[in-house]
Amino acid sequence: DGKRKGEGGGGGGDHKKRKTYIPGRGKGQFKEWKQKGIKVAGFEKFKQGEVKGVLVSCDVPREAMAQAEMVLALTDEAKEKYPKLFEEKEEEEGAAAEAADDVEKAMEKEKKEEESKRENGMFGYIRTDVKGLVFIETKGPEVDPVDMVQGFLKKVHACGTSQTKYAVRVHPVVATCYAGVDEIVKACKPVVDKYLSKDMDAKTYSVVFKKRSNTDMDRMEVINKVAELVDKKHTVDLSSPDRAILVDVLTNACLIGVADDYVKLKKFNILELTGQGAAQGKGKAALLAGGRVGDAKKEKEGEKKDGEKKEEKEGEKKEEK
């Protein structure tokens, strides 16, 4: 009888499970990070090729939240760029609602719709098997991840704010393959033919190579092999290229993307575009100096006041003389 709550056979059963929310999006929008209607595929899908989507980097414990908020951001971008896709869905949903005569039929239709969304939805997830990285797959020939990411980042750059909080960097992906030099070159050829073709106006370009959880790939070998595919009319510019070919190696899979104004848009780093990256850098510098940002600011103000007092005392001494 004298037992406290949670003690005994229940093992703390009275404690409620803590739920996580995206700040500023309304308490009821995402109660748990189980994205209903979005299919999750295994890492092996990358090696099959023909995968398009967005690679998102974030802090290690925030993968699920970064993934969910980027889906919301990409959905908003897709509604602007592909309004017809959403109009068709609304018409289908309206027709299904009218056809449902009773509760049982309505429930059955809802179940089928959920299954259809999982298979044919605009977005899907693919496991990256690397901490701090999530991948959002875009489905359908109409949906272009390069166009969507570019549009999203240009808005962030223009207004200085982002609707995301946990996502750090976003790379659009237009092709994937096994992480072998020959396989990467083969997968890059159609990408180069489309985005740096000999028929288009001359552009400056660079090849950006990143690898995670992989020690076998040689960076310069891959960069040189990919650069050999580009027509000579296009020239290399590492400082501020018009277009970048992005090569991301994750363990034994490779993700290939394209980015315009990559350096101008802070290498597609959302925090840098909103100024948060610079603020974080100042905070880290202050902590390394042995104090907080506020403490460092107070110290500077104190030094300034001491200097003013010293000048006043020197002035008084001169007047006495």
# chains A, B, ... in the order shown; residues from 1 in each chain; ligands from 1
>>> select_by_dssp(residues="range 28-249 of chain A", states="helix (DSSP H, G or I)", output="PyMOL selection string")
chain A and resi 43-48+60-81+83-99+103-120+145-159+181-195+219-227
>>> atom_distance(atom1="CA of Cys58 in chain A", atom2="CA of Val170 in chain A")
9.3 Å
>>> closest_residue(among="A:Ala244, A:Met70, A:Met122, A:Val174", to="Thr138 in chain A", atoms="only C-alpha atoms")
A:Met122
>>> closest_residue(among="A:Glu50, A:Asp76, A:Asp144, A:Asp231", to="Ala175 in chain A", atoms="only C-alpha atoms")
A:Glu50
>>> closest_residue(among="A:Val143, A:Leu72, A:Val56, A:Val185", to="Phe268 in chain A", atoms="only C-alpha atoms")
A:Val56
>>> decode(residues="range 217-231 of chain A", atoms="N, CA, C and O atoms", output="PDB file, in the first residue's frame")
ATOM      1  N   MET A 217      38.308   4.890 -51.455  1.00  0.00           N
ATOM      2  CA  MET A 217      38.209   5.766 -52.629  1.00  0.00           C
ATOM      3  C   MET A 217      39.282   6.845 -52.609  1.00  0.00           C
ATOM      4  O   MET A 217      39.513   7.490 -51.576  1.00  0.00           O
ATOM      5  N   ASP A 218      39.926   7.046 -53.756  1.00  0.00           N
ATOM      6  CA  ASP A 218      40.924   8.105 -53.898  1.00  0.00           C
ATOM      7  C   ASP A 218      40.250   9.348 -54.486  1.00  0.00           C
ATOM      8  O   ASP A 218      39.722   9.317 -55.607  1.00  0.00           O
ATOM      9  N   ARG A 219      40.275  10.426 -53.734  1.00  0.00           N
ATOM     10  CA  ARG A 219      39.550  11.644 -54.093  1.00  0.00           C
ATOM     11  C   ARG A 219      39.957  12.184 -55.459  1.00  0.00           C
ATOM     12  O   ARG A 219      39.118  12.435 -56.325  1.00  0.00           O
ATOM     13  N   MET A 220      41.252  12.385 -55.667  1.00  0.00           N
ATOM     14  CA  MET A 220      41.729  13.008 -56.906  1.00  0.00           C
ATOM     15  C   MET A 220      41.516  12.105 -58.126  1.00  0.00           C
ATOM     16  O   MET A 220      41.270  12.598 -59.230  1.00  0.00           O
ATOM     17  N   GLU A 221      41.586  10.812 -57.937  1.00  0.00           N
ATOM     18  CA  GLU A 221      41.338   9.890 -59.051  1.00  0.00           C
ATOM     19  C   GLU A 221      39.912  10.043 -59.557  1.00  0.00           C
ATOM     20  O   GLU A 221      39.681  10.129 -60.778  1.00  0.00           O
ATOM     21  N   VAL A 222      38.959  10.095 -58.632  1.00  0.00           N
ATOM     22  CA  VAL A 222      37.548  10.250 -59.018  1.00  0.00           C
ATOM     23  C   VAL A 222      37.320  11.601 -59.677  1.00  0.00           C
ATOM     24  O   VAL A 222      36.669  11.694 -60.742  1.00  0.00           O
ATOM     25  N   ILE A 223      37.848  12.673 -59.082  1.00  0.00           N
ATOM     26  CA  ILE A 223      37.670  14.026 -59.632  1.00  0.00           C
ATOM     27  C   ILE A 223      38.224  14.122 -61.051  1.00  0.00           C
ATOM     28  O   ILE A 223      37.571  14.650 -61.968  1.00  0.00           O
ATOM     29  N   ASN A 224      39.427  13.610 -61.264  1.00  0.00           N
ATOM     30  CA  ASN A 224      40.058  13.673 -62.597  1.00  0.00           C
ATOM     31  C   ASN A 224      39.285  12.864 -63.628  1.00  0.00           C
ATOM     32  O   ASN A 224      39.113  13.304 -64.777  1.00  0.00           O
ATOM     33  N   LYS A 225      38.798  11.678 -63.234  1.00  0.00           N
ATOM     34  CA  LYS A 225      38.040  10.829 -64.163  1.00  0.00           C
ATOM     35  C   LYS A 225      36.728  11.482 -64.574  1.00  0.00           C
ATOM     36  O   LYS A 225      36.326  11.419 -65.738  1.00  0.00           O
ATOM     37  N   VAL A 226      36.052  12.129 -63.615  1.00  0.00           N
ATOM     38  CA  VAL A 226      34.780  12.805 -63.914  1.00  0.00           C
ATOM     39  C   VAL A 226      35.039  14.031 -64.781  1.00  0.00           C
ATOM     40  O   VAL A 226      34.294  14.308 -65.735  1.00  0.00           O
ATOM     41  N   ALA A 227      36.114  14.778 -64.484  1.00  0.00           N
ATOM     42  CA  ALA A 227      36.454  15.985 -65.261  1.00  0.00           C
ATOM     43  C   ALA A 227      36.770  15.642 -66.715  1.00  0.00           C
ATOM     44  O   ALA A 227      36.510  16.450 -67.616  1.00  0.00           O
ATOM     45  N   GLU A 228      37.301  14.454 -66.969  1.00  0.00           N
ATOM     46  CA  GLU A 228      37.609  14.021 -68.343  1.00  0.00           C
ATOM     47  C   GLU A 228      36.352  13.870 -69.199  1.00  0.00           C
ATOM     48  O   GLU A 228      36.418  13.945 -70.428  1.00  0.00           O
ATOM     49  N   LEU A 229      35.201  13.684 -68.545  1.00  0.00           N
ATOM     50  CA  LEU A 229      33.939  13.530 -69.274  1.00  0.00           C
ATOM     51  C   LEU A 229      33.394  14.854 -69.800  1.00  0.00           C
ATOM     52  O   LEU A 229      32.560  14.880 -70.711  1.00  0.00           O
ATOM     53  N   VAL A 230      33.850  15.963 -69.210  1.00  0.00           N
ATOM     54  CA  VAL A 230      33.314  17.294 -69.539  1.00  0.00           C
ATOM     55  C   VAL A 230      33.969  17.833 -70.806  1.00  0.00           C
ATOM     56  O   VAL A 230      35.192  17.743 -70.986  1.00  0.00           O
ATOM     57  N   ASP A 231      33.164  18.414 -71.694  1.00  0.00           N
ATOM     58  CA  ASP A 231      33.671  19.004 -72.929  1.00  0.00           C
ATOM     59  C   ASP A 231      34.644  20.146 -72.614  1.00  0.00           C
ATOM     60  O   ASP A 231      34.458  20.886 -71.646  1.00  0.00           O
TER      61      ASP A 231
END
